[in-house]
Amino acid sequence: MQKKQKLQLHPGTKLIMLLLLNVPIFGITDKNIILPFVVFALILLILSREYKVVFKYIVLYAVITSIGVFSEYIPDIIIDLTSTLLVSLKMFLPLIAYGLLVARTTTISEVSYMLDQLRMPDGVIIPFLVMFRFFPTIHEERKMISNAMKLRGIGIDFKNVVSQPLKTAEFIYVPMLFTLLNIGTELTNASLTRGLGGTQKRSYLSTVHMTWQDAVVLAVFFAMIVFFFYLKMSGGIV
Amino acid sequence: MIKFKDISFSYENSTLGGELKNIDLNINKGDFVLLTGKSGCGKSTLLNMISGIIPHHTKGKISGSIEVDGKDVLKTSVQEMALSVGSVFQNPKSQFFHLNTTDEIIFSATNKGVPADELVNRLEHTAALFHMEDILDRNIFRLSGGEKQKIACASVYAGQPKIFIFDEPSANLDQFAIDELKRIFTALKNEGKTVLVAEHRLFYLMDIADRIVYIDEGKMKAEFSTGEFKSLSKESRKAMGLRAIHQPVINGRAEKVSTTLDKTSVIASTAETGDLVIKDLVFSYDNEPVLNLEHIKLNKGNAVAILGKNGSGKSTLSHCLCGLNKCKGIFLEGKGYSEKKRLKSFDLVMQDVNHQLFTESLMDEMRLAAKHDTSRKEIEEILSELELISYKDRHPMSLSGGQKQRLVIGASMASGKDYVIFDEPTSGLDYIHMEAFAKMVEKLKNQAKLILIITHDYELVNLCCDAIIQMG
């Protein structure tokens, strides 16, 4: 079976971008500057053939930014209640884009290989990998719990969130906590009996290395950061 | 290969059983041993002691000695034991570490440090043996339960242990996947591996097992050769709480419901309109049609089994009926029902009932589901009927699996919903518990409810279902 060509970046490249993105986010107050960084992440996601994620992200981005634009038509009380949340969400939107790039296009074994190369101890590597494994699990379990809530008439809808926000949160977290606890125990047992964390050195089927693609992506990313700081220094933006 | 000498074990903080008393068991290289007994009899405890999960990970009081492949289990770490022993567990969704199938198949081998070129060989060999070339390099979350379980078996196999232990591997599998599992077991046996399987479903192991060990209340009560076991009378087998030894077939009682218009449906008999009518129900995921049901008519006071392979749309149908999926073509008592109204008429008892327990006590849980005018007395009556009244102030999560399921059924009774769907309610249950569940279904039928049961358990169908819908 011939596989379709898609962009495959080294996990290190993606993590470096995710970390360095904090510099313009917190260093430049003009938030519109961030847009090119977001577009760049979306282009990388498209090249990795993650079309659905890109679509959902654009919808999310449009909703959150448009609330600011239409603020004069929205009652003040709603603005007051949600502004802090909206501002912080807006601030983290670019980070979400790069987070998605890491989450959607990186396998656990790639991360594991990278951390092994960096000679991290197992005590650091294994919790990190388990965290990676748990994000999609939380997503799956949340879907089932939200179905169960709908059937009891306590679903996560506008009425319940407004009339009993704390109760609704509790109804999500109680079953979530217990199911994750069960899955955690069972997953631990399965992993240990498959030898995870044993005394042998882990081996890998395929190894990942930095390629020219990583070099190009990182070069563009650095160039953007340098360019915007040059603009800031020269007083073009604040 | 495996030597238990006077082993006793009790869990540190559990009232849910599973302890072992004075176990003496010898298993030789190449033996295929079936462990069976009622739920909570200690089968799983015994297996977990071979892999070393007990006592190294799950703590408790232990006496006696166990030697596996020349290692003293009590003094050897789980990871060290993993070099000799491979374990496959019951729940397909919680035993994969990677999210990608290929990575998962070689997971065990990579942890043992098998070099890359040998990994390639093992991957190819394993994929060929398990007939799974078509599911390599895929997202495990998108696979069916049967496929996930196959990946788990493959991952253990690629680690090349000498001993394989399986803890109720068929619990979530359909007939087709069980046949696949049987084929895998035969291959292991032919390779001279030592295999232990703890199971309730016995029929598929009858041509493979060399010995059958019956455990009851933590003790080794009896040991049979397969021939001796097969000659047990049906009555004594049921008294031991054991399931059928022949592949169960659906007997005459439950008849197939027509899903097309031209044939007359069986249980709707002369009635023109049924209580539940499905008409031209079409449902697709991502433009791929999953359901296409022309016409089904069902009446209250019946239990209807929904059968079909994993992935044939059984769960999708149940979500459509409950109003969790948006679709047209569902009529209750002659009227078309919107999603919102269906959510109020249908209840769903999920396979993992932990998803639907939200509160801190049984009373609160019942109160949350009950109609507003339900009195405390009515709630207590339901709890007594389900033998849960003595736990009414306990936390729902402290109950056993069966009790939790009964609590969710009780909540459904209190809600007054007339249409109740069960998603694989008897997977992993022994005969006695399965029979008890069937009695509960009879009770619900007497309350003029329509019961729909998604299941692979033909013994259950024969006990309590009046009709079947065959999907796919």
# chains A, B, ... in the order shown; residues from 1 in each chain; ligands from 1

call {"tool": "select_by_dssp", "arguments": {"residues": "range 38-252 of chain B", "states": "strand (DSSP E or B)", "output": "ChimeraX atom specification"}}
result
/B:60-68,71-72,85-88,100,139,163-167,194-198,211-216,219-225

call {"tool": "select_by_dssp", "arguments": {"residues": "range 314-409 of chain B", "states": "alpha helix (DSSP H)", "output": "NGL selection string"}}
result
:B and (314-322 or 339-345 or 362-369 or 376-385 or 401-409)

call {"tool": "write_last_selection", "arguments": {"atoms": "C-alpha atoms", "output": "PDB file, in the first residue's frame"}}
result
ATOM      1  CA  LYS B 314     -25.711  -1.898  17.440  1.00  0.00           C
ATOM      2  CA  SER B 315     -24.462   0.938  19.624  1.00  0.00           C
ATOM      3  CA  THR B 316     -25.291   3.495  16.944  1.00  0.00           C
ATOM      4  CA  LEU B 317     -28.869   2.212  16.888  1.00  0.00           C
ATOM      5  CA  SER B 318     -29.103   2.463  20.667  1.00  0.00           C
ATOM      6  CA  HIS B 319     -27.789   6.046  20.547  1.00  0.00           C
ATOM      7  CA  CYS B 320     -30.313   6.900  17.839  1.00  0.00           C
ATOM      8  CA  LEU B 321     -33.176   5.476  19.898  1.00  0.00           C
ATOM      9  CA  CYS B 322     -32.106   7.276  23.088  1.00  0.00           C
ATOM     10  CA  GLU B 339     -34.244  13.807  20.194  1.00  0.00           C
ATOM     11  CA  LYS B 340     -35.275  15.800  23.252  1.00  0.00           C
ATOM     12  CA  LYS B 341     -38.407  13.715  23.826  1.00  0.00           C
ATOM     13  CA  ARG B 342     -36.558  10.461  23.197  1.00  0.00           C
ATOM     14  CA  LEU B 343     -33.999  11.393  25.874  1.00  0.00           C
ATOM     15  CA  LYS B 344     -36.915  11.592  28.293  1.00  0.00           C
ATOM     16  CA  SER B 345     -38.487   8.270  27.227  1.00  0.00           C
ATOM     17  CA  LEU B 362     -27.349   5.324  46.604  1.00  0.00           C
ATOM     18  CA  MET B 363     -30.279   7.426  47.809  1.00  0.00           C
ATOM     19  CA  ASP B 364     -28.900  10.545  46.074  1.00  0.00           C
ATOM     20  CA  GLU B 365     -28.331   8.564  42.908  1.00  0.00           C
ATOM     21  CA  MET B 366     -31.935   7.372  42.883  1.00  0.00           C
ATOM     22  CA  ARG B 367     -33.209  10.842  43.738  1.00  0.00           C
ATOM     23  CA  LEU B 368     -31.266  12.357  40.821  1.00  0.00           C
ATOM     24  CA  ALA B 369     -32.946  10.030  38.329  1.00  0.00           C
ATOM     25  CA  ARG B 376     -38.758   8.371  49.630  1.00  0.00           C
ATOM     26  CA  LYS B 377     -40.776   5.252  50.323  1.00  0.00           C
ATOM     27  CA  GLU B 378     -41.083   4.392  46.638  1.00  0.00           C
ATOM     28  CA  ILE B 379     -37.339   4.781  46.199  1.00  0.00           C
ATOM     29  CA  GLU B 380     -36.657   2.550  49.186  1.00  0.00           C
ATOM     30  CA  GLU B 381     -39.033  -0.038  47.791  1.00  0.00           C
ATOM     31  CA  ILE B 382     -37.080  -0.182  44.538  1.00  0.00           C
ATOM     32  CA  LEU B 383     -33.798  -0.480  46.447  1.00  0.00           C
ATOM     33  CA  SER B 384     -35.192  -3.362  48.536  1.00  0.00           C
ATOM     34  CA  GLU B 385     -36.437  -5.107  45.437  1.00  0.00           C
ATOM     35  CA  GLY B 401     -19.763  -4.346  39.582  1.00  0.00           C
ATOM     36  CA  GLY B 402     -23.053  -6.253  39.715  1.00  0.00           C
ATOM     37  CA  GLN B 403     -24.443  -4.027  42.471  1.00  0.00           C
ATOM     38  CA  LYS B 404     -23.547  -0.883  40.515  1.00  0.00           C
ATOM     39  CA  GLN B 405     -25.407  -2.279  37.518  1.00  0.00           C
ATOM     40  CA  ARG B 406     -28.469  -2.974  39.679  1.00  0.00           C
ATOM     41  CA  LEU B 407     -28.293   0.565  41.048  1.00  0.00           C
ATOM     42  CA  VAL B 408     -28.358   2.021  37.535  1.00  0.00           C
ATOM     43  CA  ILE B 409     -31.313  -0.261  36.710  1.00  0.00           C
TER      44      ILE B 409
END

call {"tool": "residues_around", "arguments": {"residues": "range 99-112 of chain A", "least_positions_apart": "5", "cutoff": "8 Å", "atoms": "only C-alpha atoms", "output": "PyMOL selection string"}}
result
(chain A and resi 8+11+14-15+18+41+44-45+48+50+53+125+129+132-133+204+207-208) or (chain B and resi 98-100+103)

call {"tool": "residues_around", "arguments": {"residues": "Gly60 in chain B", "least_positions_apart": "6", "cutoff": "9 Å", "atoms": "only C-alpha atoms", "output": "NGL selection string"}}
result
:B and (9-13 or 54)

call {"tool": "atom_distance", "arguments": {"atom1": "CA of Met149 in chain A", "atom2": "CA of Phe134 in chain A"}}
result
21.9 Å

call {"tool": "interface_residues", "arguments": {"of": "chain A", "to": "chain B", "cutoff": "8 Å", "atoms": "only C-alpha atoms", "output": "PyMOL selection string"}}
result
chain A and resi 107-109+130+133+141+144-145+147-153+170-172+174-176+178-179+183-184+186-187+189-206

call {"tool": "closest_residue", "arguments": {"among": "B:Met440, B:Thr36, B:Ala303, B:Glu191", "to": "Ile245 in chain B", "atoms": "only C-alpha atoms"}}
result
B:Thr36

call {"tool": "residues_around", "arguments": {"residues": "Leu35 in chain B", "least_positions_apart": "6", "cutoff": "9 Å", "atoms": "only C-alpha atoms", "output": "tab-separated table (two decimals) with N, CA and C atoms, in the first residue's frame"}}
result
chain	number	residue	atom	x	y	z
B	43	LYS	N	-9.97	-16.48	40.51
B	43	LYS	CA	-9.24	-16.83	39.28
B	43	LYS	C	-8.23	-15.75	38.90
B	196	LEU	N	-2.40	-20.34	30.36
B	196	LEU	CA	-3.47	-20.39	31.36
B	196	LEU	C	-4.54	-19.40	30.97
B	197	VAL	N	-5.79	-19.86	30.95
B	197	VAL	CA	-6.89	-18.97	30.61
B	197	VAL	C	-7.92	-19.02	31.72
B	198	ALA	N	-8.27	-17.86	32.28
B	198	ALA	CA	-9.39	-17.80	33.22
B	198	ALA	C	-10.60	-17.36	32.41
B	199	GLU	N	-11.68	-18.10	32.46
B	199	GLU	CA	-12.84	-17.80	31.61
B	199	GLU	C	-14.16	-18.22	32.24
B	200	HIS	N	-15.22	-17.51	31.82
B	200	HIS	CA	-16.59	-17.96	32.08
B	200	HIS	C	-17.14	-18.68	30.86
B	211	ARG	N	-6.49	-29.37	30.65
B	211	ARG	CA	-7.00	-29.55	32.02
B	211	ARG	C	-7.93	-28.41	32.37
B	212	ILE	N	-8.88	-28.68	33.26
B	212	ILE	CA	-9.77	-27.63	33.74
B	212	ILE	C	-9.72	-27.60	35.26
B	213	VAL	N	-9.38	-26.43	35.80
B	213	VAL	CA	-9.29	-26.28	37.25
B	213	VAL	C	-10.48	-25.45	37.71
B	214	TYR	N	-11.24	-26.00	38.66
B	214	TYR	CA	-12.42	-25.30	39.16
B	214	TYR	C	-12.10	-24.69	40.51
B	215	ILE	N	-12.26	-23.38	40.61
B	215	ILE	CA	-11.97	-22.68	41.86
B	215	ILE	C	-13.27	-22.17	42.46

call {"tool": "residues_around", "arguments": {"residues": "Val63 in chain A", "least_positions_apart": "5", "cutoff": "12 Å", "atoms": "only C-alpha atoms", "output": "VMD selection string"}}
result
chain A and resid 56 to 58 68 to 70 86 89 to 90 93

call {"tool": "write_last_selection", "arguments": {"atoms": "N, CA, C and O atoms", "output": "mmCIF file, in the first residue's frame"}}
result
data_model
loop_
_atom_site.group_PDB
_atom_site.id
_atom_site.type_symbol
_atom_site.label_atom_id
_atom_site.label_comp_id
_atom_site.auth_asym_id
_atom_site.auth_seq_id
_atom_site.Cartn_x
_atom_site.Cartn_y
_atom_site.Cartn_z
ATOM 1 N N LYS A 56 -11.793 22.778 12.627
ATOM 2 C CA LYS A 56 -12.354 23.042 13.953
ATOM 3 C C LYS A 56 -11.653 24.230 14.609
ATOM 4 O O LYS A 56 -12.291 25.068 15.244
ATOM 5 N N TYR A 57 -10.332 24.291 14.427
ATOM 6 C CA TYR A 57 -9.567 25.369 15.048
ATOM 7 C C TYR A 57 -9.982 26.717 14.477
ATOM 8 O O TYR A 57 -10.159 27.698 15.198
ATOM 9 N N ILE A 58 -10.168 26.771 13.159
ATOM 10 C CA ILE A 58 -10.544 28.040 12.528
ATOM 11 C C ILE A 58 -11.904 28.502 13.057
ATOM 12 O O ILE A 58 -12.099 29.678 13.369
ATOM 13 N N GLY A 68 -15.101 39.787 20.458
ATOM 14 C CA GLY A 68 -14.515 41.100 20.708
ATOM 15 C C GLY A 68 -15.056 42.139 19.741
ATOM 16 O O GLY A 68 -15.420 43.249 20.135
ATOM 17 N N VAL A 69 -15.183 41.776 18.470
ATOM 18 C CA VAL A 69 -15.633 42.702 17.431
ATOM 19 C C VAL A 69 -17.081 43.145 17.672
ATOM 20 O O VAL A 69 -17.428 44.308 17.531
ATOM 21 N N PHE A 70 -17.912 42.177 18.091
ATOM 22 C CA PHE A 70 -19.340 42.496 18.257
ATOM 23 C C PHE A 70 -19.677 42.942 19.676
ATOM 24 O O PHE A 70 -20.836 42.969 20.056
ATOM 25 N N LEU A 86 -12.326 35.115 28.125
ATOM 26 C CA LEU A 86 -12.110 35.340 26.697
ATOM 27 C C LEU A 86 -10.709 35.851 26.426
ATOM 28 O O LEU A 86 -10.033 35.388 25.505
ATOM 29 N N LEU A 89 -8.315 33.049 26.883
ATOM 30 C CA LEU A 89 -8.464 32.090 25.790
ATOM 31 C C LEU A 89 -7.799 32.624 24.519
ATOM 32 O O LEU A 89 -7.073 31.908 23.831
ATOM 33 N N LYS A 90 -8.038 33.923 24.262
ATOM 34 C CA LYS A 90 -7.501 34.541 23.067
ATOM 35 C C LYS A 90 -5.974 34.518 23.095
ATOM 36 O O LYS A 90 -5.309 34.289 22.097
ATOM 37 N N LEU A 93 -4.811 30.971 22.331
ATOM 38 C CA LEU A 93 -5.170 30.391 21.029
ATOM 39 C C LEU A 93 -3.963 29.947 20.198
ATOM 40 O O LEU A 93 -3.955 28.833 19.670
#

call {"tool": "residues_around", "arguments": {"residues": "Gln247 in chain B", "least_positions_apart": "2", "cutoff": "8 Å", "atoms": "only C-alpha atoms", "output": "mmCIF file with C-alpha atoms, in the first residue's frame"}}
result
data_model
loop_
_atom_site.group_PDB
_atom_site.id
_atom_site.type_symbol
_atom_site.label_atom_id
_atom_site.label_comp_id
_atom_site.auth_asym_id
_atom_site.auth_seq_id
_atom_site.Cartn_x
_atom_site.Cartn_y
_atom_site.Cartn_z
ATOM 1 C CA PHE B 203 -17.383 -23.670 24.878
ATOM 2 C CA TYR B 204 -14.626 -22.279 22.672
ATOM 3 C CA ALA B 244 -22.432 -23.838 28.542
ATOM 4 C CA ILE B 245 -19.735 -26.165 27.189
ATOM 5 C CA VAL B 249 -27.429 -21.370 19.670
#

call {"tool": "atom_distance", "arguments": {"atom1": "CA of Ile432 in chain B", "atom2": "CA of Gly40 in chain B"}}
result
12.2 Å
